[in-house]
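> The structure is given below, and queries will be raised subsequently.
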Amino acid sequence: MKREDVLMEALPYIQKFHGKTIVIKIGGHAMVDPNILETVIQDAVLLRYVGMKVVLVHGGGPEITEKMKAMGKEPKFVAGLRITDQETLEIAQMVLVGKINDGIVSLIANCGARAVGLSGNDGNLLIARKMDLQKIKIGDVEHEVDLGHVGEIEEVDPRVVHCLLEQGYIPVVAPIGIDRSGKSLNINADTAAAELATALGAFKLFNLTDVDGVMNADRSRIYHRLKLHEVEAMIEDGIIVGGMIPKLLGCMKAVGSGVTSAHIVNGNKGHNLLLELFTDEGVGTMLSV
Ligand SMILES: Nc1ncnc2c1ncn2[C@@H]1O[C@H](COP(=O)(O)OP(=O)(O)O)[C@@H](O)[C@H]1O
Ligand SMILES: [Mg+2]
């Protein structure tokens with residue numbers, strides 16, 4: 001394809017997306033390599049400059065685990081779910097808010113845009129309540145497990161984000177919620193991004209992760225387009241498992257509540273965000289109603 005053709009292919013999309021809100025979740029694994037993170041931030045800043053309202057939400061699981069080990073504390077997981085005791089919550093807050101969020105805000109500044117870091121307690125952005133006991137099967141026995149200081153989102157107050165967007169800032173949100181008594185709770189970042197996209201009435205929700213998209217059972221190919229009912233069936237059949245489940249449940253909720261489409265894209269490959277948005281074919285999985 002000639003260079004001018006590439007630009008001409010992007011043009012109608014640039015027109016269509018102008019002024020629209022996009023929520024981008026950056027996965028924990030996509031943030032371990034600073035070069036990858038920088039590419040993602042460059043893309044986000046470019047979107048801002050073509051007139052989109054960009055909101056970033058980040059995870060941080062791998063870095064939290066690393067920091068805990070460095071501090072001599074062994075992370076506890078039950079069936080893949082992290083148990084967040086008081087000390088874990090404090091470390092998670094330090095890593096998410098103090099390090100990752102702040103780092104992303106600085107990177108955005110380096111790329112020539114302005115960002116403001118937020119977590120769920122800023123402007124009551126993410127009101128959560130402690131999650132119920134989880135029923136988890138270990139072998140044949142079902143156990144009731146208390147995940148600790150982990151929350152599910154009850155209410156989103158997106159006003160602070162609207163204010164920042166109106167003033168041209170890129171809000172960067174850390175997935176920490178606050179309960180009605182003022183206590184912090186750890187929130188799954190995929191869920192936080194989806195709830196935020198829904199509350200903002202976003203046009204698109206993007207999940208940048210470490211695989212090319214939603215894959216089939218033997219992981220030999222990705223689906224470029226999926227409908228809600230297809231995803232439901234894939235979860236039921238055990239084709240979608242682990243960390244992909246909260247992503248897709250979030251995407252389903254967002255798309256079911258008016259977000260036009262949700263995308264799962266490999267954030268580890270350069271400029272995939274732009275390719276998915278501005279080319280006819282796309283590169284990852286697009287989920288729509
Ligand atoms: N059907 C599927 N297609 C692709 N990936 C899947 C699927 N089911 C489960 N996964 C897993 O989900 C992972 C992505 O989720 P996760 O590890 O939580 O990453 P992130 O840090 O982006 O949240 C993939 O690396 C993959 O192992
Ligand atoms: Mg995850």
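FYI, nothing fancy with the structure tokens labels: chains A, B, ... in order, residues from 1 per chain, ligands from 1 as they appear.
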Name all residues at most 8 Å from Val150 in chain A (count only C-alpha atoms; drop same-chain ones fewer than 5 positions away) and give them as JSON, numbers by chain.
{"A": [84, 130, 131, 185, 186, 187]}
> Kindly export the residues of the current selection with N, CA, C and O atoms, as a PDB file, in the first residue's frame.

```pdb
ATOM      1  N   THR A  84      -6.231 -10.097  49.180  1.00  0.00           N
ATOM      2  CA  THR A  84      -5.702  -8.775  49.533  1.00  0.00           C
ATOM      3  C   THR A  84      -5.900  -8.503  51.023  1.00  0.00           C
ATOM      4  O   THR A  84      -6.961  -8.042  51.432  1.00  0.00           O
ATOM      5  N   LYS A 130     -17.246  -4.017  49.579  1.00  0.00           N
ATOM      6  CA  LYS A 130     -16.424  -5.217  49.715  1.00  0.00           C
ATOM      7  C   LYS A 130     -17.109  -6.401  49.048  1.00  0.00           C
ATOM      8  O   LYS A 130     -18.320  -6.575  49.170  1.00  0.00           O
ATOM      9  N   MET A 131     -16.344  -7.162  48.317  1.00  0.00           N
ATOM     10  CA  MET A 131     -16.912  -8.277  47.582  1.00  0.00           C
ATOM     11  C   MET A 131     -17.391  -9.372  48.521  1.00  0.00           C
ATOM     12  O   MET A 131     -16.765  -9.633  49.555  1.00  0.00           O
ATOM     13  N   LEU A 185     -10.498   0.013  48.584  1.00  0.00           N
ATOM     14  CA  LEU A 185     -10.640  -1.378  48.157  1.00  0.00           C
ATOM     15  C   LEU A 185      -9.952  -1.558  46.808  1.00  0.00           C
ATOM     16  O   LEU A 185      -9.996  -0.671  45.950  1.00  0.00           O
ATOM     17  N   ASN A 186      -9.315  -2.691  46.654  1.00  0.00           N
ATOM     18  CA  ASN A 186      -8.683  -3.032  45.390  1.00  0.00           C
ATOM     19  C   ASN A 186      -9.767  -3.421  44.376  1.00  0.00           C
ATOM     20  O   ASN A 186     -10.681  -4.165  44.718  1.00  0.00           O
ATOM     21  N   ILE A 187      -9.679  -2.903  43.156  1.00  0.00           N
ATOM     22  CA  ILE A 187     -10.705  -3.207  42.149  1.00  0.00           C
ATOM     23  C   ILE A 187     -10.004  -3.799  40.936  1.00  0.00           C
ATOM     24  O   ILE A 187      -8.912  -3.342  40.573  1.00  0.00           O
TER      25      ILE A 187
END
```
> Would you list the contacts of Met8 in chain A as a list of chain:residue names, taking every protein, DNA or RNA residue within 12 Å and counting only C-alpha atoms, but skipping same-chain residues closer than 5 positions in sequence?
A:Met1, A:Lys2, A:Arg3, A:Tyr13, A:Ile14, A:Gln15, A:Phe278, A:Thr279, A:Asp280
> Write a file of the just-selected residues containing N, CA and C atoms, as a PDB file, in the first residue's frame.

```
ATOM      1  N   MET A   1       0.845  -1.201   0.000  1.00  0.00           N
ATOM      2  CA  MET A   1       0.000   0.000   0.000  1.00  0.00           C
ATOM      3  C   MET A   1       0.882   1.253   0.000  1.00  0.00           C
ATOM      4  N   LYS A   2       0.481   2.227  -0.829  1.00  0.00           N
ATOM      5  CA  LYS A   2       1.271   3.467  -0.873  1.00  0.00           C
ATOM      6  C   LYS A   2       1.048   4.283   0.415  1.00  0.00           C
ATOM      7  N   ARG A   3       2.005   5.143   0.715  1.00  0.00           N
ATOM      8  CA  ARG A   3       1.908   5.883   1.979  1.00  0.00           C
ATOM      9  C   ARG A   3       0.660   6.760   2.025  1.00  0.00           C
ATOM     10  N   TYR A  13     -12.004   7.678   9.537  1.00  0.00           N
ATOM     11  CA  TYR A  13     -12.074   7.302  10.952  1.00  0.00           C
ATOM     12  C   TYR A  13     -11.750   8.505  11.833  1.00  0.00           C
ATOM     13  N   ILE A  14     -10.739   9.264  11.421  1.00  0.00           N
ATOM     14  CA  ILE A  14     -10.363  10.445  12.213  1.00  0.00           C
ATOM     15  C   ILE A  14     -11.560  11.385  12.315  1.00  0.00           C
ATOM     16  N   GLN A  15     -12.245  11.566  11.192  1.00  0.00           N
ATOM     17  CA  GLN A  15     -13.447  12.428  11.189  1.00  0.00           C
ATOM     18  C   GLN A  15     -14.512  11.880  12.126  1.00  0.00           C
ATOM     19  N   PHE A 278      -7.813   2.844  13.215  1.00  0.00           N
ATOM     20  CA  PHE A 278      -7.786   3.611  11.967  1.00  0.00           C
ATOM     21  C   PHE A 278      -7.607   2.784  10.700  1.00  0.00           C
ATOM     22  N   THR A 279      -7.707   1.463  10.799  1.00  0.00           N
ATOM     23  CA  THR A 279      -7.656   0.679   9.558  1.00  0.00           C
ATOM     24  C   THR A 279      -8.932  -0.139   9.423  1.00  0.00           C
ATOM     25  N   ASP A 280      -9.277  -0.441   8.167  1.00  0.00           N
ATOM     26  CA  ASP A 280     -10.526  -1.164   7.902  1.00  0.00           C
ATOM     27  C   ASP A 280     -10.507  -2.556   8.534  1.00  0.00           C
TER      28      ASP A 280
END
```
> Which residues sit within 10 Å of ligand 1, counting only C-alpha atoms and all ligand atoms, listed as number ranges by chain?
A: 25-32, 58-62, 188-190, 207-223, 231, 234-235, 238-248, 264-268, 285
> Keeping only C-alpha atoms, write the selected residues to a file as an mmCIF file, in the first residue's frame.

```cif
data_model
loop_
_atom_site.group_PDB
_atom_site.id
_atom_site.type_symbol
_atom_site.label_atom_id
_atom_site.label_comp_id
_atom_site.auth_asym_id
_atom_site.auth_seq_id
_atom_site.Cartn_x
_atom_site.Cartn_y
_atom_site.Cartn_z
ATOM 1 C CA LYS A 25 -7.209 -0.058 29.826
ATOM 2 C CA ILE A 26 -3.506 -0.791 29.875
ATOM 3 C CA GLY A 27 -2.874 -4.303 31.168
ATOM 4 C CA GLY A 28 -0.331 -5.052 33.852
ATOM 5 C CA HIS A 29 1.733 -7.175 31.515
ATOM 6 C CA ALA A 30 1.906 -4.440 28.874
ATOM 7 C CA MET A 31 3.521 -2.173 31.456
ATOM 8 C CA VAL A 32 6.470 -4.267 32.506
ATOM 9 C CA HIS A 58 -4.162 0.907 34.282
ATOM 10 C CA GLY A 59 -3.606 -2.392 36.052
ATOM 11 C CA GLY A 60 -0.481 -3.405 37.902
ATOM 12 C CA GLY A 61 -0.759 -7.020 39.092
ATOM 13 C CA PRO A 62 2.738 -8.133 38.072
ATOM 14 C CA ASN A 188 -10.059 -5.284 39.056
ATOM 15 C CA ALA A 189 -8.770 -2.814 36.462
ATOM 16 C CA ASP A 190 -10.719 -4.399 33.591
ATOM 17 C CA ASN A 207 -8.324 -3.400 26.511
ATOM 18 C CA LEU A 208 -4.611 -3.577 25.792
ATOM 19 C CA THR A 209 -3.317 -6.959 26.911
ATOM 20 C CA ASP A 210 -0.594 -9.513 26.157
ATOM 21 C CA VAL A 211 -2.374 -11.629 23.519
ATOM 22 C CA ASP A 212 -3.539 -10.651 20.022
ATOM 23 C CA GLY A 213 -7.232 -10.884 20.875
ATOM 24 C CA VAL A 214 -9.847 -13.414 21.940
ATOM 25 C CA MET A 215 -8.684 -16.826 20.753
ATOM 26 C CA ASN A 216 -10.343 -20.142 19.964
ATOM 27 C CA ALA A 217 -10.074 -23.274 22.146
ATOM 28 C CA ASP A 218 -6.634 -24.428 20.945
ATOM 29 C CA ARG A 219 -5.369 -20.816 20.745
ATOM 30 C CA SER A 220 -4.533 -21.201 17.030
ATOM 31 C CA ARG A 221 -6.430 -18.165 15.796
ATOM 32 C CA ILE A 222 -8.114 -15.005 17.006
ATOM 33 C CA TYR A 223 -11.660 -13.814 16.394
ATOM 34 C CA VAL A 231 -18.821 -14.426 24.037
ATOM 35 C CA MET A 234 -17.365 -19.102 24.902
ATOM 36 C CA ILE A 235 -17.250 -18.362 28.636
ATOM 37 C CA GLY A 238 -14.490 -22.743 29.046
ATOM 38 C CA ILE A 239 -12.810 -21.269 25.945
ATOM 39 C CA ILE A 240 -12.454 -17.933 27.690
ATOM 40 C CA VAL A 241 -10.777 -18.381 31.081
ATOM 41 C CA GLY A 242 -8.620 -16.631 33.690
ATOM 42 C CA GLY A 243 -7.761 -12.961 33.195
ATOM 43 C CA MET A 244 -9.767 -12.827 29.972
ATOM 44 C CA ILE A 245 -13.035 -13.347 31.888
ATOM 45 C CA PRO A 246 -13.210 -9.979 33.728
ATOM 46 C CA LYS A 247 -12.157 -8.243 30.504
ATOM 47 C CA LEU A 248 -14.970 -9.747 28.496
ATOM 48 C CA ILE A 264 -9.228 -6.498 22.907
ATOM 49 C CA VAL A 265 -5.845 -5.764 21.364
ATOM 50 C CA ASN A 266 -2.232 -6.813 21.946
ATOM 51 C CA GLY A 267 -0.607 -3.848 23.670
ATOM 52 C CA ASN A 268 2.839 -5.398 23.361
ATOM 53 C CA THR A 285 -10.998 -8.540 18.544
#
```
> When you draw a straight line from CA of Leu165 in chain A to CA of Ala197 in chain A, how long is it in Å?
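Atom-to-atom, CA of Leu165 in chain A to CA of Ala197 in chain A, that is 13.4 Å.
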> Taking 4 positions as the minimum chain separation for residues in the same chain, which residues sit within 10 Å of Pro75 in chain A when counting only C-alpha atoms? Answer as a ChimeraX atom specification.
/A:64-69,82-85,88
> Could those residues be written to a file, using N, CA and C atoms, as a CSV table (one decimal), in the first residue's frame?

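So again19.csv came out as:
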```csv
chain,number,residue,atom,x,y,z
A,64,ILE,N,2.8,-5.4,41.5
A,64,ILE,CA,2.4,-5.5,42.9
A,64,ILE,C,3.1,-6.8,43.5
A,65,THR,N,3.0,-7.8,42.7
A,65,THR,CA,3.6,-9.1,43.1
A,65,THR,C,5.1,-9.0,43.3
A,66,GLU,N,5.7,-8.3,42.4
A,66,GLU,CA,7.2,-8.1,42.4
A,66,GLU,C,7.6,-7.3,43.7
A,67,LYS,N,6.8,-6.2,43.9
A,67,LYS,CA,7.2,-5.4,45.1
A,67,LYS,C,6.9,-6.1,46.4
A,68,MET,N,5.9,-6.9,46.4
A,68,MET,CA,5.6,-7.7,47.7
A,68,MET,C,6.8,-8.6,47.9
A,69,LYS,N,7.2,-9.3,46.9
A,69,LYS,CA,8.4,-10.2,47.1
A,69,LYS,C,9.6,-9.5,47.5
A,82,ARG,N,-6.2,-13.1,43.7
A,82,ARG,CA,-5.3,-12.6,44.8
A,82,ARG,C,-6.1,-12.4,46.1
A,83,ILE,N,-5.5,-12.7,47.2
A,83,ILE,CA,-6.1,-12.4,48.5
A,83,ILE,C,-5.4,-11.1,48.9
A,84,THR,N,-6.2,-10.1,49.2
A,84,THR,CA,-5.7,-8.8,49.5
A,84,THR,C,-5.9,-8.5,51.0
A,85,ASP,N,-4.9,-8.8,51.8
A,85,ASP,CA,-4.9,-8.4,53.3
A,85,ASP,C,-4.5,-7.0,53.4
A,88,THR,N,-1.2,-6.1,51.9
A,88,THR,CA,-1.2,-6.2,50.5
A,88,THR,C,-1.9,-4.9,49.8
```
> Using only C-alpha atoms and all ligand atoms, can you tell me which of A:Ala192, A:Val97, A:Ile91, A:Ala70 comes closest to ligand 2?
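Comparing A:Ala192, A:Val97, A:Ile91, A:Ala70 against ligand 2, the winner is A:Ala192.
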> What separation in Å, quoted to one decimal, exists between CA of Glu232 in chain A and CA of His271 in chain A?
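Value for the CA of Glu232 in chain A-CA of His271 in chain A distance: 29.3 Å.
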> Quick one: pull the distance between CA of Ser106 in chain A and CA of Ile24 in chain A, Å, one decimal.
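These two atoms are separated by 17.3 Å.
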> So which residues touch Asp43 in chain A within 8 Å, counting only C-alpha atoms, skipping near sequence neighbours fewer than 3 positions away, as a list in words?
Thr39, Val40, Leu46, Leu47, His271, Leu273 and Leu274 of chain A
> Go ahead and write the residues just picked, N, CA and C atoms, as a PDB file, in the first residue's frame.

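Listing of selection_32.pdb after writing:
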```pdb
ATOM      1  N   THR A  39       5.267   3.477  23.814  1.00  0.00           N
ATOM      2  CA  THR A  39       4.564   3.411  22.530  1.00  0.00           C
ATOM      3  C   THR A  39       3.058   3.603  22.725  1.00  0.00           C
ATOM      4  N   VAL A  40       2.532   2.930  23.747  1.00  0.00           N
ATOM      5  CA  VAL A  40       1.095   3.038  24.036  1.00  0.00           C
ATOM      6  C   VAL A  40       0.732   4.491  24.370  1.00  0.00           C
ATOM      7  N   LEU A  46      -1.508  10.871  20.606  1.00  0.00           N
ATOM      8  CA  LEU A  46      -1.914  11.170  19.226  1.00  0.00           C
ATOM      9  C   LEU A  46      -3.443  11.218  19.101  1.00  0.00           C
ATOM     10  N   LEU A  47      -4.106  10.275  19.754  1.00  0.00           N
ATOM     11  CA  LEU A  47      -5.580  10.259  19.719  1.00  0.00           C
ATOM     12  C   LEU A  47      -6.136  11.557  20.301  1.00  0.00           C
ATOM     13  N   HIS A 271       2.053   0.192  18.259  1.00  0.00           N
ATOM     14  CA  HIS A 271       1.000   0.985  17.622  1.00  0.00           C
ATOM     15  C   HIS A 271      -0.257   0.200  17.226  1.00  0.00           C
ATOM     16  N   LEU A 273      -2.892  -0.010  18.836  1.00  0.00           N
ATOM     17  CA  LEU A 273      -4.055   0.811  19.180  1.00  0.00           C
ATOM     18  C   LEU A 273      -4.493   1.619  17.957  1.00  0.00           C
ATOM     19  N   LEU A 274      -3.524   2.229  17.288  1.00  0.00           N
ATOM     20  CA  LEU A 274      -3.832   3.027  16.096  1.00  0.00           C
ATOM     21  C   LEU A 274      -4.318   2.136  14.959  1.00  0.00           C
TER      22      LEU A 274
END
```
> Near Val161 in chain A, counting only C-alpha atoms, which residues have an atom at most 9 Å away, once you skip same-chain residues fewer than 6 positions from it, shown as a PDB file with C-alpha atoms, in the first residue's frame?

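So around.pdb came out as:
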```pdb
ATOM      1  CA  VAL A  55      -9.216   8.245  29.456  1.00  0.00           C
ATOM      2  CA  LEU A 118      -6.846   9.899  39.784  1.00  0.00           C
ATOM      3  CA  GLY A 123     -14.303  13.069  43.425  1.00  0.00           C
ATOM      4  CA  LEU A 125     -15.120   8.434  41.144  1.00  0.00           C
ATOM      5  CA  ILE A 170      -5.988  13.036  29.835  1.00  0.00           C
ATOM      6  CA  PRO A 171      -7.327  11.488  33.080  1.00  0.00           C
ATOM      7  CA  LEU A 200     -19.030   8.226  30.668  1.00  0.00           C
TER       8      LEU A 200
END
```
> Which one of A:Val160, A:Arg48, A:Gly284, A:Val23 sits closest to Ala254 in chain A if you count only C-alpha atoms?
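So, comparing all the options, the nearest one is A:Val23.
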> If you run DSSP over the backbone, which residues in range 9-247 of chain A end up strand (DSSP E or B)? Put them as an mmCIF file with C-alpha atoms, in the first residue's frame.

```cif
data_model
loop_
_atom_site.group_PDB
_atom_site.id
_atom_site.type_symbol
_atom_site.label_atom_id
_atom_site.label_comp_id
_atom_site.auth_asym_id
_atom_site.auth_seq_id
_atom_site.Cartn_x
_atom_site.Cartn_y
_atom_site.Cartn_z
ATOM 1 C CA THR A 21 -14.615 9.456 24.275
ATOM 2 C CA ILE A 22 -12.379 6.407 24.369
ATOM 3 C CA VAL A 23 -11.445 4.506 27.549
ATOM 4 C CA ILE A 24 -8.203 2.558 27.263
ATOM 5 C CA LYS A 25 -7.209 -0.058 29.826
ATOM 6 C CA ILE A 26 -3.506 -0.791 29.875
ATOM 7 C CA LYS A 53 -11.296 12.454 24.615
ATOM 8 C CA VAL A 54 -8.903 9.882 26.022
ATOM 9 C CA VAL A 55 -9.216 8.245 29.456
ATOM 10 C CA LEU A 56 -6.591 5.740 30.625
ATOM 11 C CA VAL A 57 -7.106 3.049 33.253
ATOM 12 C CA HIS A 58 -4.162 0.907 34.282
ATOM 13 C CA PHE A 77 -3.628 -16.556 45.493
ATOM 14 C CA VAL A 78 -6.574 -18.968 45.664
ATOM 15 C CA LEU A 81 -7.503 -14.856 42.653
ATOM 16 C CA ARG A 82 -5.318 -12.598 44.766
ATOM 17 C CA THR A 84 -5.702 -8.775 49.533
ATOM 18 C CA ALA A 115 -2.522 14.374 32.243
ATOM 19 C CA VAL A 116 -3.985 14.167 35.735
ATOM 20 C CA GLY A 117 -3.765 11.043 37.876
ATOM 21 C CA LEU A 118 -6.846 9.899 39.784
ATOM 22 C CA SER A 119 -7.893 6.962 41.876
ATOM 23 C CA LEU A 126 -15.381 4.726 42.019
ATOM 24 C CA ILE A 127 -17.676 3.875 44.931
ATOM 25 C CA ALA A 128 -17.324 0.212 45.779
ATOM 26 C CA ARG A 129 -18.380 -2.309 48.375
ATOM 27 C CA LYS A 130 -16.424 -5.217 49.715
ATOM 28 C CA GLN A 134 -16.393 -16.230 46.628
ATOM 29 C CA LYS A 135 -17.438 -19.837 46.094
ATOM 30 C CA ILE A 136 -14.369 -21.557 44.714
ATOM 31 C CA LYS A 137 -14.045 -25.237 43.858
ATOM 32 C CA ILE A 138 -10.742 -26.787 44.860
ATOM 33 C CA VAL A 141 -14.881 -29.441 47.401
ATOM 34 C CA GLU A 142 -16.468 -26.002 47.210
ATOM 35 C CA HIS A 143 -14.871 -23.444 49.542
ATOM 36 C CA GLU A 144 -16.083 -20.009 50.543
ATOM 37 C CA VAL A 145 -13.126 -17.676 50.189
ATOM 38 C CA GLY A 148 -9.999 -9.459 51.655
ATOM 39 C CA VAL A 150 -11.361 -6.303 47.229
ATOM 40 C CA GLY A 151 -14.328 -4.372 45.989
ATOM 41 C CA GLU A 152 -16.976 -4.442 43.340
ATOM 42 C CA ILE A 153 -18.110 -1.140 41.929
ATOM 43 C CA GLU A 154 -21.472 0.090 43.143
ATOM 44 C CA GLU A 155 -21.547 3.532 41.639
ATOM 45 C CA VAL A 156 -19.416 5.669 39.359
ATOM 46 C CA ILE A 170 -5.988 13.036 29.835
ATOM 47 C CA PRO A 171 -7.327 11.488 33.080
ATOM 48 C CA VAL A 172 -5.287 8.479 34.243
ATOM 49 C CA VAL A 173 -7.219 6.260 36.644
ATOM 50 C CA ALA A 174 -5.762 3.782 39.175
ATOM 51 C CA ILE A 176 -8.628 1.633 43.726
ATOM 52 C CA GLY A 177 -12.196 2.154 44.897
ATOM 53 C CA ILE A 178 -13.578 3.653 48.054
ATOM 54 C CA SER A 184 -10.013 1.802 50.121
ATOM 55 C CA LEU A 185 -10.640 -1.378 48.157
ATOM 56 C CA ASN A 186 -8.683 -3.032 45.390
ATOM 57 C CA LYS A 204 -15.199 2.855 22.617
ATOM 58 C CA LEU A 205 -13.556 0.730 25.302
ATOM 59 C CA PHE A 206 -10.077 -0.644 24.595
ATOM 60 C CA ASN A 207 -8.324 -3.400 26.511
ATOM 61 C CA LEU A 208 -4.611 -3.577 25.792
ATOM 62 C CA THR A 209 -3.317 -6.959 26.911
ATOM 63 C CA MET A 215 -8.684 -16.826 20.753
ATOM 64 C CA ILE A 222 -8.114 -15.005 17.006
ATOM 65 C CA ARG A 225 -15.401 -9.800 15.423
ATOM 66 C CA LEU A 226 -17.573 -11.211 18.180
ATOM 67 C CA LYS A 227 -21.163 -10.606 19.255
#
```
> Skip Leu11 in chain A itself and residues of its chain fewer than 5 positions away, then list as a ChimeraX atom specification all residues within 12 Å of it, counting only C-alpha atoms.
/A:4-6,16-18,50,277-280
> Rank A:Met94, A:Leu37, A:Ala193, A:Met52 by their smallest atom-to-atom distance to ligand 2, using only C-alpha atoms and all ligand atoms, and report the top residue only.
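Smallest distance to ligand 2 is found for A:Ala193.
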> With distances taken over only C-alpha atoms, which of A:Met71, A:Met286, A:Leu133, A:Ala44 is nearest to Ile104 in chain A?
A:Ala44
> Please extract the residues of range 125-202 of chain A with a backbone DSSP assignment of helix (DSSP H, G or I) and present them as a count of residues only.
20
> For a quick check of understanding, using only C-alpha atoms and all ligand atoms, which of A:Gly80, A:Tyr49, A:Leu89, A:Ala262 has the smallest distance to ligand 2?
A:Gly80
> Name the closest residue to Glu90 in chain A among the candidates A:Glu195, A:His149, A:Cys163, A:Val255; distances are taken between atoms, counting only C-alpha atoms.
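Looking only at the distances to Glu90 in chain A, the closest residue turns out to be A:His149.
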